[in-house]
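For reference, target-v1.cif is printed below; it contains mmCIF, C-alpha atoms and all ligand atoms.
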```
data_run
#
loop_
_atom_site.label_atom_id
_atom_site.label_comp_id
_atom_site.auth_asym_id
_atom_site.auth_seq_id
_atom_site.Cartn_x
_atom_site.Cartn_y
_atom_site.Cartn_z
CA MET A 1 -3.98 88.55 35.11
CA LYS A 2 -6.17 86.21 37.11
CA LEU A 3 -8.86 86.39 34.45
CA VAL A 4 -6.40 85.52 31.69
CA ILE A 5 -5.18 82.43 33.54
CA ASN A 6 -8.71 81.27 34.27
CA THR A 7 -9.79 81.67 30.68
CA LYS A 8 -6.78 79.69 29.56
CA ALA A 9 -7.55 76.95 32.07
CA ILE A 10 -11.15 76.73 30.88
CA LEU A 11 -10.05 76.52 27.26
CA TRP A 12 -7.63 73.70 28.07
CA VAL A 13 -10.25 71.76 29.97
CA ALA A 14 -12.74 72.17 27.14
CA PHE A 15 -10.16 71.19 24.55
CA PHE A 16 -8.98 68.19 26.52
CA THR A 17 -12.51 67.01 27.23
CA ALA A 18 -13.27 67.15 23.52
CA LEU A 19 -10.08 65.29 22.73
CA THR A 20 -10.62 62.46 25.18
CA SER A 21 -14.37 62.13 25.08
CA PRO A 22 -15.38 58.99 23.16
CA ILE A 23 -18.73 60.65 22.46
CA LEU A 24 -17.24 63.61 20.61
CA VAL A 25 -14.41 61.84 18.79
CA SER A 26 -14.57 58.25 17.66
CA ALA A 27 -10.96 57.48 18.57
CA ALA A 28 -9.41 54.03 18.37
CA PRO A 29 -7.76 52.87 21.59
CA PRO A 30 -4.05 53.76 21.87
CA ASP A 31 -1.88 51.12 20.13
CA ALA A 32 1.73 50.82 21.33
CA THR A 33 2.74 48.56 18.42
CA ALA A 34 1.51 51.10 15.89
CA GLY A 35 3.13 53.77 18.06
CA LYS A 36 6.55 52.16 17.74
CA LEU A 37 6.29 52.32 13.93
CA LYS A 38 5.14 55.93 14.06
CA ALA A 39 7.97 56.83 16.46
CA GLN A 40 10.79 55.80 14.09
CA THR A 41 11.62 59.45 13.37
CA CYS A 42 11.80 60.16 17.09
CA PHE A 43 14.41 57.50 17.85
CA ALA A 44 17.31 59.58 16.51
CA CYS A 45 16.91 61.95 19.47
CA HIS A 46 14.71 60.28 22.12
CA GLY A 47 16.09 56.76 21.61
CA GLU A 48 14.22 53.56 20.76
CA ASN A 49 14.28 52.79 24.52
CA GLY A 50 13.03 56.31 25.41
CA ILE A 51 16.43 57.32 26.80
CA SER A 52 17.57 60.41 24.91
CA ILE A 53 20.91 60.76 23.18
CA SER A 54 21.92 64.03 24.86
CA SER A 55 21.28 65.97 28.07
CA ASP A 56 19.22 68.74 26.42
CA ILE A 57 16.69 66.20 25.08
CA PRO A 58 14.16 64.72 27.51
CA ASN A 59 13.84 61.00 28.24
CA LEU A 60 10.37 59.78 27.29
CA ALA A 61 10.53 56.28 28.81
CA ALA A 62 7.80 55.70 31.41
CA GLN A 63 6.38 59.23 30.99
CA PRO A 64 2.63 59.23 31.69
CA PRO A 65 0.92 58.85 28.30
CA LEU A 66 -1.28 61.92 28.84
CA SER A 67 1.77 64.05 29.55
CA ILE A 68 3.39 63.02 26.26
CA THR A 69 0.15 63.63 24.36
CA TYR A 70 -0.39 67.04 25.97
CA GLN A 71 3.11 68.21 25.19
CA LEU A 72 2.85 67.05 21.56
CA ILE A 73 -0.44 68.94 21.21
CA GLN A 74 1.24 72.05 22.59
CA PHE A 75 4.15 71.71 20.14
CA ARG A 76 1.78 71.13 17.22
CA GLY A 77 -0.23 74.20 18.19
CA GLN A 78 3.03 76.15 18.65
CA GLN A 79 2.07 77.09 22.23
CA ARG A 80 5.30 75.35 23.21
CA LYS A 81 8.45 75.75 21.15
CA GLY A 82 11.80 74.07 21.47
CA GLY A 83 14.29 71.92 19.62
CA ALA A 84 12.75 70.97 16.31
CA MET A 85 9.64 69.74 18.06
CA GLU A 86 7.08 72.15 16.54
CA ALA A 87 8.01 70.93 13.05
CA LEU A 88 8.15 67.29 14.14
CA ALA A 89 4.74 67.40 15.80
CA ALA A 90 3.09 69.34 12.97
CA SER A 91 2.19 66.27 10.92
CA LEU A 92 1.06 64.06 13.81
CA SER A 93 -2.66 63.32 14.19
CA ASP A 94 -4.26 62.97 17.63
CA GLN A 95 -4.28 59.20 17.09
CA ASP A 96 -0.56 59.20 16.15
CA MET A 97 0.17 61.05 19.41
CA ARG A 98 -1.85 58.62 21.51
CA ASP A 99 -0.15 55.61 19.85
CA ILE A 100 3.35 57.07 20.29
CA ALA A 101 2.54 57.95 23.90
CA ALA A 102 1.37 54.36 24.52
CA TYR A 103 4.68 53.07 23.17
CA TYR A 104 7.01 55.34 25.15
CA SER A 105 5.02 55.22 28.40
CA ALA A 106 5.26 51.42 28.52
CA LEU A 107 9.08 51.36 28.39
CA PRO A 108 11.20 50.78 31.54
CA ALA A 109 11.94 53.98 33.48
CA PRO A 110 15.31 55.69 33.00
CA PRO A 111 17.98 54.70 35.54
CA ALA A 112 18.63 56.91 38.58
CA LYS A 113 21.62 59.24 38.14
CA PRO A 114 24.15 59.74 40.91
CA GLY A 115 24.87 63.36 41.87
CA ASP A 116 26.14 65.68 44.57
CA VAL A 117 24.76 64.29 47.85
CA ASP A 118 24.19 67.70 49.49
CA LYS A 119 22.45 69.07 46.40
CA ILE A 120 20.19 66.02 46.24
CA ALA A 121 19.27 66.36 49.93
CA LYS A 122 18.51 70.07 49.47
CA GLY A 123 16.41 69.26 46.40
CA GLN A 124 14.41 66.68 48.32
CA GLN A 125 13.70 69.23 51.04
CA ILE A 126 12.55 71.88 48.56
CA ALA A 127 10.39 69.36 46.70
CA SER A 128 8.65 68.60 49.96
CA THR A 129 8.19 72.20 51.15
CA GLN A 130 7.07 73.34 47.66
CA TYR A 131 4.67 70.41 47.23
CA CYS A 132 6.21 69.26 43.95
CA ASN A 133 5.27 65.71 44.98
CA SER A 134 1.61 66.56 45.35
CA CYS A 135 1.35 66.94 41.58
CA HIS A 136 4.35 65.03 40.17
CA GLY A 137 3.88 62.02 42.50
CA SER A 138 5.63 60.80 45.66
CA GLN A 139 8.70 59.66 43.68
CA LEU A 140 8.23 62.41 41.04
CA GLN A 141 7.16 59.61 38.70
CA GLY A 142 4.46 61.76 37.09
CA GLN A 143 0.75 61.14 36.80
CA LYS A 144 -2.06 61.91 34.41
CA HIS A 145 -1.01 64.97 32.34
CA ILE A 146 1.88 65.78 34.72
CA ALA A 147 5.40 64.86 33.61
CA ARG A 148 7.67 62.27 35.16
CA LEU A 149 10.76 64.02 36.60
CA SER A 150 12.52 60.99 38.13
CA GLY A 151 15.51 59.86 36.10
CA GLN A 152 15.14 62.88 33.81
CA SER A 153 18.23 64.71 32.56
CA PRO A 154 19.10 67.42 35.14
CA GLU A 155 20.19 69.84 32.39
CA TYR A 156 16.81 69.45 30.72
CA ILE A 157 14.92 70.00 34.00
CA ILE A 158 16.98 73.14 34.76
CA THR A 159 16.25 74.63 31.33
CA GLN A 160 12.54 73.88 31.57
CA LEU A 161 12.14 75.26 35.10
CA LYS A 162 13.91 78.48 34.12
CA ASN A 163 11.75 78.76 30.99
CA ILE A 164 8.57 78.12 32.94
CA ARG A 165 9.65 80.60 35.63
CA SER A 166 10.32 83.34 33.06
CA GLY A 167 7.20 82.55 31.05
CA ALA A 168 9.23 81.59 27.95
CA ARG A 169 7.48 78.21 28.23
CA ILE A 170 3.80 78.62 28.95
CA ASP A 171 2.03 75.98 30.96
CA MET A 172 -1.43 74.78 30.22
CA ASP A 173 -3.25 76.01 33.31
CA GLY A 174 -0.85 78.30 35.17
CA THR A 175 -0.27 75.92 38.09
CA MET A 176 3.30 75.04 37.14
CA GLY A 177 4.08 78.71 36.49
CA SER A 178 3.03 79.51 40.05
CA ALA A 179 5.12 76.60 41.39
CA ALA A 180 8.26 77.81 39.54
CA ARG A 181 7.95 81.52 40.22
CA GLY A 182 9.50 81.50 43.71
CA LEU A 183 12.45 79.23 42.90
CA SER A 184 16.02 80.58 42.86
CA ASP A 185 18.64 79.26 40.41
CA GLN A 186 20.19 77.26 43.28
CA ASP A 187 16.79 75.78 44.19
CA ILE A 188 16.33 74.73 40.57
CA GLU A 189 19.74 73.05 40.41
CA ALA A 190 19.07 71.17 43.65
CA LEU A 191 15.61 70.07 42.49
CA ALA A 192 17.05 68.83 39.18
CA ALA A 193 19.76 66.81 40.96
CA TYR A 194 17.15 65.31 43.29
CA ALA A 195 14.74 64.39 40.48
CA ALA A 196 17.53 62.83 38.41
CA SER A 197 18.63 60.73 41.39
CA LEU A 198 15.25 58.97 41.59
CA ASN A 199 14.21 55.93 39.59
C1 LIG B 201 16.11 66.44 16.45
C2 LIG B 201 15.88 65.82 17.74
C3 LIG B 201 14.44 65.44 18.09
C4 LIG B 201 13.60 64.59 17.39
C5 LIG B 201 13.86 63.87 16.06
C6 LIG B 201 12.39 64.50 18.18
N1 LIG B 201 12.51 65.25 19.31
FE1 LIG B 201 11.11 65.44 20.82
N2 LIG B 201 12.29 66.80 21.76
C7 LIG B 201 13.53 67.22 21.33
C8 LIG B 201 13.99 68.30 22.18
C9 LIG B 201 15.31 69.05 22.05
C10 LIG B 201 12.98 68.50 23.14
C11 LIG B 201 12.97 69.56 24.24
C12 LIG B 201 12.39 70.84 23.65
C13 LIG B 201 12.48 72.00 24.60
O1 LIG B 201 13.56 72.53 24.74
O2 LIG B 201 11.47 72.36 25.19
C14 LIG B 201 11.94 67.53 22.86
C15 LIG B 201 10.76 67.42 23.60
C16 LIG B 201 9.81 66.44 23.39
C17 LIG B 201 8.67 66.18 24.24
C18 LIG B 201 8.35 66.89 25.55
C19 LIG B 201 8.76 66.00 26.70
C20 LIG B 201 8.53 66.61 28.04
O3 LIG B 201 8.95 65.98 29.02
O4 LIG B 201 7.95 67.69 28.13
C21 LIG B 201 7.96 65.16 23.68
C22 LIG B 201 6.70 64.52 24.21
C23 LIG B 201 8.65 64.78 22.46
N3 LIG B 201 9.76 65.57 22.31
C24 LIG B 201 8.21 63.79 21.60
C25 LIG B 201 8.81 63.53 20.37
C26 LIG B 201 8.23 62.65 19.37
C27 LIG B 201 6.94 61.87 19.54
C28 LIG B 201 9.07 62.66 18.29
C29 LIG B 201 8.91 61.95 16.96
C30 LIG B 201 7.71 62.28 16.22
C31 LIG B 201 10.18 63.54 18.63
N4 LIG B 201 9.97 64.06 19.88
C32 LIG B 201 11.27 63.76 17.82
C33 LIG B 201 14.24 66.71 20.27
C34 LIG B 201 13.74 65.85 19.30
C1 LIG B 202 -0.23 72.13 40.98
C2 LIG B 202 0.48 71.05 40.34
C3 LIG B 202 1.99 71.17 40.18
C4 LIG B 202 2.92 71.46 41.15
C5 LIG B 202 2.71 71.79 42.62
C6 LIG B 202 4.20 71.37 40.50
N1 LIG B 202 4.05 71.04 39.17
FE1 LIG B 202 5.54 70.82 37.81
N2 LIG B 202 4.17 70.58 36.32
C7 LIG B 202 2.80 70.57 36.50
C8 LIG B 202 2.15 70.53 35.20
C9 LIG B 202 0.66 70.51 34.95
C10 LIG B 202 3.19 70.51 34.23
C11 LIG B 202 3.03 70.54 32.72
C12 LIG B 202 2.98 72.02 32.34
C13 LIG B 202 2.70 72.26 30.87
O1 LIG B 202 3.57 72.02 30.04
O2 LIG B 202 1.62 72.74 30.56
C14 LIG B 202 4.45 70.54 34.98
C15 LIG B 202 5.69 70.52 34.38
C16 LIG B 202 6.89 70.52 35.06
C17 LIG B 202 8.21 70.42 34.45
C18 LIG B 202 8.50 70.23 32.97
C19 LIG B 202 8.68 68.74 32.74
C20 LIG B 202 8.99 68.32 31.35
O3 LIG B 202 9.18 67.12 31.15
O4 LIG B 202 9.06 69.16 30.44
C21 LIG B 202 9.12 70.43 35.46
C22 LIG B 202 10.62 70.32 35.32
C23 LIG B 202 8.38 70.57 36.71
N3 LIG B 202 7.01 70.61 36.44
C24 LIG B 202 8.96 70.62 37.96
C25 LIG B 202 8.27 70.91 39.14
C26 LIG B 202 8.90 71.17 40.41
C27 LIG B 202 10.39 71.10 40.66
C28 LIG B 202 7.91 71.46 41.30
C29 LIG B 202 8.04 71.93 42.75
C30 LIG B 202 8.83 73.15 42.93
C31 LIG B 202 6.65 71.38 40.59
N4 LIG B 202 6.91 71.02 39.28
C32 LIG B 202 5.40 71.58 41.13
C33 LIG B 202 2.14 70.61 37.72
C34 LIG B 202 2.71 70.92 38.93
#
```

Whole structure, structure tokens version:
Amino acid sequence: MKLVINTKAILWVAFFTALTSPILVSAAPPDATAGKLKAQTCFACHGENGISISSDIPNLAAQPPLSITYQLIQFRGQQRKGGAMEALAASLSDQDMRDIAAYYSALPAPPAKPGDVDKIAKGQQIASTQYCNSCHGSQLQGQKHIARLSGQSPEYIITQLKNIRSGARIDMDGTMGSAARGLSDQDIEALAAYAASLN
């Protein structure tokens, strides 16, 4: 088991290094204006402002660009499946992904969502004891390849955490799988309410 995870991690690192290294690929810098044009087909679900049209679709506004790019690569490679995203990502080039990520990441963050005060307080406590902040940022705003959770739809977060916990959604290096494994359904609901309540 350990060996499998390590091999996967090494493959991801190698793949990502190749993708981002200017020596190996002569990539143009990410272009948010081009990204907006390329994202027209995405607006129907994720919104032109990066705020999605329904609670089962993630907000993309202010997501770290690397996180958006990583997830699109996983959909294109069919390592991650969900919604119609595998089909939608299939025709995107690496440059398309970087441009679209530049567009969405530069948009204003989604507004904080009010929720059950006790649930939110419990979620904050779990986030601190489980070190969610150490990877997702002090305000769960995301960083590098790690998703923004603040202002995200709670329904979406609940679904993803359950899928990551069960292994239905694989994660690139196994770290998020380990983080989700010990969470109960109640923990997950509290964490989702807490994350959604942040801006
Ligand atoms: C028909 C609706 C629909 C359209 C159109 C659509 N998406 Fe999605 N997208 C979804 C759904 C639903 C999910 C969540 C999938 C899941 O359940 O894991 C998602 C997930 C994502 C994610 C993962 C976000 C995260 O936080 O992990 C990214 C990135 C994304 N979409 C980008 C795009 C881009 C770029 C386009 C346009 C090329 C696009 N989507 C078009 C419905 C859509
Ligand atoms: C060691 C670093 C690390 C820790 C700790 C961690 N995460 Fe993550 N998290 C990640 C990474 C990396 C991903 C992206 C996984 C992938 O798709 O490959 C992720 C993805 C997620 C997602 C999916 C987001 C989306 O937009 O689809 C959620 C939800 C999430 N984490 C919640 C949490 C919560 C809640 C905690 C604390 C219990 C936590 N994470 C702890 C690294 C971490």

**Request:** Enumerate as a ChimeraX atom specification the residues within 9 Å of ligand LIG 202 (chain B), counting all atoms listed in the file.
**Result:** /A:58-60,63,67-68,70-71,74,80,123,126-136,140,142,145-149,152,154,156-162,164,169-183,187-188,191-192,195

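The residue that comes closest to ligand LIG 201 (chain B), out of A:Gly77, A:Gly137, A:Pro64, A:Gly115 and on the basis of all atoms listed in the file, is A:Pro64.
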
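What separates atom O4 of ligand LIG 201 (chain B) from CA of Val117 (chain A) is a distance of 26.1 Å.
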
**Asked** Which residues form the shell of 6 Å around ligand LIG 201 (chain B) when you count all atoms listed in the file, given as a PyMOL selection string?
**Response** chain A and resi 39+41-42+44-45+56-58+68+71-72+82-85+88-89+147

**Message:** One decimal, in Å: what's the spacing between CA of Lys36 (chain A) and CA of Ala87 (chain A)?
**Reply:** 19.4 Å

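Separating CA of Ile120 (chain A) from CA of Ser55 (chain A) is a distance of 18.2 Å.
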
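Taking only C-alpha atoms into account, Lys119 (chain A) lies nearest to A:Ala193 out of the set A:Ala27, A:Ala193, A:Ile53, A:Ala34.
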
**Request:** Write out as number ranges by chain the residues lying within 10 Å of Gln95 (chain A), counting all atoms listed in the file and excluding same-chain residues fewer than 5 positions away.
**Result:** A: 27-31, 35, 69, 100-101

Give as a PDB file with C-alpha atoms, keeping the file's coordinate frame every residue, naming chains and numbers as the document does, that has an atom within 10 Å of (12.7, 52.8, 23.6), counting all atoms listed in the file.
```pdb
ATOM      1  CA  LYS A  36       6.550  52.160  17.740  1.00  0.00           C
ATOM      2  CA  ALA A  39       7.970  56.830  16.460  1.00  0.00           C
ATOM      3  CA  CYS A  42      11.800  60.160  17.090  1.00  0.00           C
ATOM      4  CA  PHE A  43      14.410  57.500  17.850  1.00  0.00           C
ATOM      5  CA  HIS A  46      14.710  60.280  22.120  1.00  0.00           C
ATOM      6  CA  GLY A  47      16.090  56.760  21.610  1.00  0.00           C
ATOM      7  CA  GLU A  48      14.220  53.560  20.760  1.00  0.00           C
ATOM      8  CA  ASN A  49      14.280  52.790  24.520  1.00  0.00           C
ATOM      9  CA  GLY A  50      13.030  56.310  25.410  1.00  0.00           C
ATOM     10  CA  ILE A  51      16.430  57.320  26.800  1.00  0.00           C
ATOM     11  CA  SER A  52      17.570  60.410  24.910  1.00  0.00           C
ATOM     12  CA  ASN A  59      13.840  61.000  28.240  1.00  0.00           C
ATOM     13  CA  LEU A  60      10.370  59.780  27.290  1.00  0.00           C
ATOM     14  CA  ALA A  61      10.530  56.280  28.810  1.00  0.00           C
ATOM     15  CA  ALA A  62       7.800  55.700  31.410  1.00  0.00           C
ATOM     16  CA  TYR A 103       4.680  53.070  23.170  1.00  0.00           C
ATOM     17  CA  TYR A 104       7.010  55.340  25.150  1.00  0.00           C
ATOM     18  CA  SER A 105       5.020  55.220  28.400  1.00  0.00           C
ATOM     19  CA  ALA A 106       5.260  51.420  28.520  1.00  0.00           C
ATOM     20  CA  LEU A 107       9.080  51.360  28.390  1.00  0.00           C
ATOM     21  CA  PRO A 108      11.200  50.780  31.540  1.00  0.00           C
ATOM     22  CA  ALA A 109      11.940  53.980  33.480  1.00  0.00           C
TER      23      ALA A 109
END
```

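Taking all atoms listed in the file into account, Ser197 (chain A) lies nearest to A:Lys113 out of the set A:Arg76, A:Lys38, A:Lys81, A:Lys113.
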
Please enclose the listed atoms of region 89-100 of chain A in an axis-aligned box, pad each side by 3 Å, and write out the centre and the three edge lengths in Å, rounded to one decimal, as JSON.
```
{"center_x": 0.2, "center_y": 62.5, "center_z": 16.2, "size_x": 15.0, "size_y": 19.7, "size_z": 16.6}
```
